[in-house]
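Student: My questions will all concern the structure given below.
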Amino acid sequence: MRWSNLFIPTLRDAPADAEAASHKLLVRGGFIRQLHAGHYSLLPLGLRVHQKVADIVRAEMDAIGAQEFLLPAMHPASIWQKSGRWEVMGDEMFRLVDRKGADTALGMTHEEIFTDLATEITSYKSLPQIWYQIQTKFRDEPRPKSGLLRVREFAMKDSYSFDIDEAGLDANFARHHDAYVRIFQRLSLPAMPVEASSGAMGGSGSTEFMVPSPAGEDDVVRCGACGYAANVERATSQLTPVDDRDIPELARFPTPGIRTIATLAKVEGGAGAIHQIKTMVMILDGEVTLALVRGDHQLNLQKLQDHTGAIDIRPATPDETLEHLGAHPGSLGAVGVEKLRIIADLALEGRSGLATGANEDDWHWTGVDVARDIGVTEWADLREVTAGEACPRCGAPLEIVRCIEAGHIFKLGTSYSAVLGAEVLDPDGETRPLVMGSYGIGIGRAMAAAAETHHDDNGLVWPVSIAPYEAVVTIVSMKDEASVSAGEAIYAELRSRGIDVLLDDRDARAGVKFADAELIGVPYRVTVGPRTVADGEVEFTPRASGDTTRVGIDSIVEQLVAIVNEQD
RNA sequence: CGGGACGUGGCGCAGCUCGGUAGCGCACCUGCUUUGGGAGCAGGGGGUCGGGAGUUCAAAUCUCCCCGUCCCGACCA
């Protein structure tokens, strides 16, 4: 393509709104424009990248035998009501009413729709099946942000596997895992598979593919020694055992004005945070519940949610706390509490000599023996792992890495197929629900993650596989006839050799052309100018290194074709 | 949803405190010069100042209401 004919609106300044590097550069480079919060237009350059990402995903899905569909984006409420997610999805689902008054939703994922189609599978002999689509999803995100990283409308590849049993699901899950590893390799994204929470999807297990980046929104716990990696929503660690204080008797003591773990730790007769119980009053689907963790530990909400299966989970208001426990936050405890559900973190199991609030302002208990004094209903892993704790597998210190969630694969099981009636006959003639898996990759987010991972001070540095153009032929001066004819010839030859090449034939200054080529991140630049053309040469500059070498006009095409093909 | 900031040409900003009918840089158009790292000079086009209501002779500026955008947190497959 000839740059002079293209719409590539590059900007010298990034919009003031943009924070993330990918956001700034994709806007500055003329790849995207915002329409409103969470909704972006893909400009021609942006669409080229988006399509290349999608093509790689498509190729790898096809390679594992997946079949492509295209499903409606607008769904009747009934199918979501049937699966129970009309309520579960809450405000995150865009809903509208049609002229007949029928409730309708914009699809945020397609388990229901694909499962509905799968009701037409009637025999185990037709299994397994892998179905997928690349479709626009709509999610009313509470806070869209960071350009393409978190939006309300985006293309996602979602695939679904259908099997007769768990073994089949495991095989398809593994197949997807491997396909995802290949996809991220081809996208040059350093994605690592990590253990993840399944959240609202339900199911027995899930793996996220995480790309380390400060622009990310998830924290991953990682062990450099053995490779253990898990989302903080799921991660565990080994704790060094605590020597309990020897306080055999349960005793109340006055603590005027003491409202925090830290102050109780300092006060005379108090207790170090490690010897305290932190009592959090949570409302789980309307039920008042106490969540207990060690004083120096942090409650992870997702862990609590995963353990209980609650949909709506929030901290109690101070009024609710007072009503149910008789004291304000800062003086709360579970000693003697009988009517409420009490979920305690495993780190408290077997502990004694502890201090905790007495459910009366300005009073605490000490000498608390958890087994003796607290009616724990359930034990669960509730605490959030922090950096430096010991790896649960090998004991080495853990690190925490901020990441972008680029892909997520789930073992769903039979929850959708059972309620939506996707059942088949097995070899014994018995009716069995399909065992399902669900697998997603955000196309635009992968594109943003690549931009986030591959850029420098001058702009984007796209990997060849997804670059909008693989090479640009920059004619330094359109007034120099020798340069123009040499540039045109190289351009034509590269095109005929199947290279995605851009010809910068604009009547602009060299500096502008170089700066723009670097900003939009074209991997290879061939500079054709009077300085070298007279010698029968051009300059060759890979974007990543910036190193320029002189190459003969008659060999540049061969050299470039070889390099591009090697990269791809 | 809580906290904070902001909304003035395509992008970045000033003007608002102290009302007098909009300005700067980049970009754009024309001409001349220039031409290997975001050119110079001259001339020019483009803005219901987010929207509505109000106060006033007069509102970008003051008052009220609404809308939108960004950041932090909450939340989130």
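Ligands are numbered from 1 in the order shown, chains are lettered A, B, ... in the order of the structure tokens, and residues start at 1 in each chain.
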Any idea what's packed within 6 Å of Gln133 in chain A, counting only C-alpha atoms (C1' of nucleotides), ignoring anything in its chain fewer than 5 positions away? Could you give it as a list in words?
Tutor: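 Residues meeting the cut-off are Glu68, Phe69, Leu70, Lys157 and Asp158 of chain A.
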Student: Using N, CA and C atoms, can you write the selected residues to a file as a compact mmCIF listing (two decimals), in the first residue's frame?
Tutor:
# COMPACT_ATOMS: atom_id res chain seq x y z
N GLU A 68 -15.27 -23.47 13.25
CA GLU A 68 -15.68 -22.09 13.49
C GLU A 68 -17.17 -21.85 13.21
N PHE A 69 -17.79 -21.10 14.11
CA PHE A 69 -19.19 -20.68 13.99
C PHE A 69 -19.22 -19.16 14.02
N LEU A 70 -20.40 -18.60 13.78
CA LEU A 70 -20.62 -17.20 14.15
C LEU A 70 -22.02 -17.12 14.72
N LYS A 157 -12.14 -14.72 21.03
CA LYS A 157 -12.25 -16.07 20.52
C LYS A 157 -12.73 -16.91 21.69
N ASP A 158 -13.90 -17.51 21.55
CA ASP A 158 -14.34 -18.41 22.61
C ASP A 158 -14.62 -19.77 22.00
Student: List as a Markdown table every residue of chain A that is in contact with chain B, defined as an atom at most 7 Å from one of its atoms (using only C-alpha atoms (C1' of nucleotides)), together with the nearest atom pair and the distance in Å rounded to one decimal, sorted by chain and then rising number.
Tutor:
| residue | atom | partner | partner_atom | distance |
| --- | --- | --- | --- | --- |
| A:Leu11 | CA | B:C11 | C1' | 6.4 |
| A:Asp13 | CA | B:C11 | C1' | 6.1 |
| A:Pro15 | CA | B:C11 | C1' | 6.6 |
| A:Asp17 | CA | B:C70 | C1' | 5.3 |
| A:Pro142 | CA | B:C75 | C1' | 6.9 |
| A:Ser198 | CA | B:A77 | C1' | 6.9 |
| A:Gly199 | CA | B:A77 | C1' | 6.3 |
| A:Ala200 | CA | B:A77 | C1' | 6.3 |
| A:Met201 | CA | B:A77 | C1' | 5.9 |
| A:Val476 | CA | B:G36 | C1' | 6.8 |
| A:Arg509 | CA | B:U35 | C1' | 6.5 |
| A:Ala510 | CA | B:G36 | C1' | 6.0 |
| A:Gly511 | CA | B:G37 | C1' | 3.9 |
| A:Val512 | CA | B:G38 | C1' | 4.9 |
| A:Phe514 | CA | B:G37 | C1' | 6.7 |
| A:Ala515 | CA | B:G38 | C1' | 6.6 |
Student: Calculated over only C-alpha atoms (C1' of nucleotides), which of the candidates B:A53, B:C41, B:A5, B:C62 has the smallest distance to U17 in chain B?
Tutor: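 The answer is B:C62, which sits nearest to U17 in chain B.
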Student: Just list the residues in range 169-227 of chain A DSSP gives strand (DSSP E or B) on the backbone, as JSON, numbers by chain.
Tutor: {"A": [192, 193, 194, 195, 205, 206, 207, 208, 209, 210, 211, 212, 218, 219, 220, 221, 222, 223]}
Student: Give me, please, the distance in Å between C1' of U30 in chain B and C1' of G9 in chain B, quoted to one decimal.
Tutor: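 Taking C1' of U30 in chain B as the start and C1' of G9 in chain B as the end point, the length is 19.9 Å.
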Student: Just the residues within 12 Å of range 554-565 of chain A, please, counting only C-alpha atoms (C1' of nucleotides), with nothing from its chain fewer than 2 positions along; format it as a PyMOL selection string.
Tutor: chain A and resi 463-467+469-473+486-487+489-501+522-528+533+535-542+549-552+567-568
Student: Find the residues around range 108-122 of chain A up to 6 Å (only C-alpha atoms (C1' of nucleotides) counted), leave out those fewer than 3 positions away in its own chain, and share them as a VMD selection string.
Tutor: chain A and resid 137 to 139 422 424
Student: Once DSSP has gone over the backbone, tell me which residues of range 107-182 of chain A are in alpha helix (DSSP H), as a JSON list (two decimals) with C-alpha atoms, in the first residue's frame.
Tutor:
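Once written, selection_7.json looks like this:
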[["chain", "number", "residue", "atom", "x", "y", "z"],
["A", 111, "GLU", "CA", -21.85, -20.99, 26.84],
["A", 112, "GLU", "CA", -25.64, -20.88, 26.68],
["A", 113, "ILE", "CA", -25.88, -20.46, 22.93],
["A", 114, "PHE", "CA", -23.33, -23.12, 22.03],
["A", 115, "THR", "CA", -24.79, -25.52, 24.59],
["A", 116, "ASP", "CA", -28.22, -24.95, 23.10],
["A", 117, "LEU", "CA", -26.85, -25.92, 19.68],
["A", 166, "GLU", "CA", -14.05, -36.29, 32.30],
["A", 167, "ALA", "CA", -11.20, -38.04, 30.56],
["A", 168, "GLY", "CA", -12.34, -36.55, 27.27],
["A", 169, "LEU", "CA", -12.57, -33.10, 28.86],
["A", 170, "ASP", "CA", -9.08, -33.47, 30.27],
["A", 171, "ALA", "CA", -7.76, -34.29, 26.81],
["A", 172, "ASN", "CA", -9.49, -31.31, 25.23],
["A", 173, "PHE", "CA", -8.34, -29.06, 28.02],
["A", 174, "ALA", "CA", -4.77, -30.18, 27.43],
["A", 175, "ARG", "CA", -5.21, -29.69, 23.69],
["A", 176, "HIS", "CA", -6.33, -26.12, 24.28],
["A", 177, "HIS", "CA", -3.54, -25.52, 26.73],
["A", 178, "ASP", "CA", -1.01, -26.54, 24.10],
["A", 179, "ALA", "CA", -2.75, -24.53, 21.40],
["A", 180, "TYR", "CA", -2.68, -21.48, 23.67],
["A", 181, "VAL", "CA", 1.03, -21.91, 24.31],
["A", 182, "ARG", "CA", 1.59, -21.95, 20.54]]
Student: Find the residues around range 448-462 of chain A up to 6 Å (only C-alpha atoms (C1' of nucleotides) counted), leave out those fewer than 4 positions away in its own chain, and share them as a short mmCIF file (atom, residue, chain, number, x, y, z; two decimals) with C-alpha atoms, in the first residue's frame.
Tutor:
data_model
loop_
_atom_site.label_atom_id
_atom_site.label_comp_id
_atom_site.auth_asym_id
_atom_site.auth_seq_id
_atom_site.Cartn_x
_atom_site.Cartn_y
_atom_site.Cartn_z
CA ALA A 21 1.85 2.69 27.06
CA SER A 22 -0.25 0.59 24.69
CA LEU A 148 -7.94 -1.75 24.55
CA ALA A 467 2.73 -6.10 12.48
CA GLU A 518 9.08 3.99 14.01
CA LEU A 519 5.90 5.12 15.77
CA ILE A 520 3.68 2.63 13.95
CA GLY A 521 6.27 -0.07 14.58
#
Student: So that I can check the surroundings of C24 in chain B, please list as a list in words every protein, DNA and RNA residue that reaches within 12 Å of it, counting only C-alpha atoms (C1' of nucleotides) and ignoring chain neighbours fewer than 6 positions away.
Tutor: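 Counting only the stated atoms, we get G12, C13, A14 and G15 of chain B.
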Student: How about saving the chosen residues, N, CA and C atoms (P, O5', C5', C4', C3', O3' and C1' of nucleotides) kept, as a compact mmCIF listing (two decimals), in the first residue's frame?
Tutor:
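Output file selection02.txt is given in full below:
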# COMPACT_ATOMS: atom_id res chain seq x y z
P G B 12 -5.81 15.74 23.74
O5' G B 12 -4.53 16.63 24.00
C5' G B 12 -3.28 16.01 24.27
C4' G B 12 -2.22 17.05 24.46
C3' G B 12 -2.55 18.11 25.50
O3' G B 12 -2.29 17.63 26.81
C1' G B 12 -1.76 19.16 23.56
P C B 13 -3.11 18.23 28.03
O5' C B 13 -3.16 19.77 27.68
C5' C B 13 -3.18 20.72 28.68
C4' C B 13 -2.57 22.01 28.19
C3' C B 13 -3.24 23.27 28.72
O3' C B 13 -2.79 23.58 30.03
C1' C B 13 -2.88 23.51 26.40
P A B 14 -3.82 24.19 31.05
O5' A B 14 -3.91 25.70 30.54
C5' A B 14 -2.78 26.54 30.69
C4' A B 14 -2.96 27.89 30.02
C3' A B 14 -4.05 28.81 30.54
O3' A B 14 -3.77 29.35 31.81
C1' A B 14 -3.83 29.01 28.20
P G B 15 -4.89 29.69 32.83
O5' G B 15 -5.78 30.73 32.01
C5' G B 15 -5.34 32.07 31.82
C4' G B 15 -6.33 32.80 30.96
C3' G B 15 -7.72 33.00 31.58
O3' G B 15 -7.74 34.18 32.36
C1' G B 15 -7.93 32.19 29.34
Student: Distance CA of Ile64 in chain A-CA of Ile130 in chain A, one decimal place?
Tutor: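 So the two atoms, CA of Ile64 in chain A and CA of Ile130 in chain A, lie 8.4 Å apart.
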Student: Report as a list in words all protein, DNA and RNA residues lying within 6 Å of range 307-321 of chain A, evaluated on only C-alpha atoms (C1' of nucleotides), omitting residues in the same chain fewer than 2 positions from it.
Tutor: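 Everything that qualifies: Val281, Met282, Ile283, Leu284, Asp285, Leu304, Gln305, Glu323, His324 and Leu325 of chain A.
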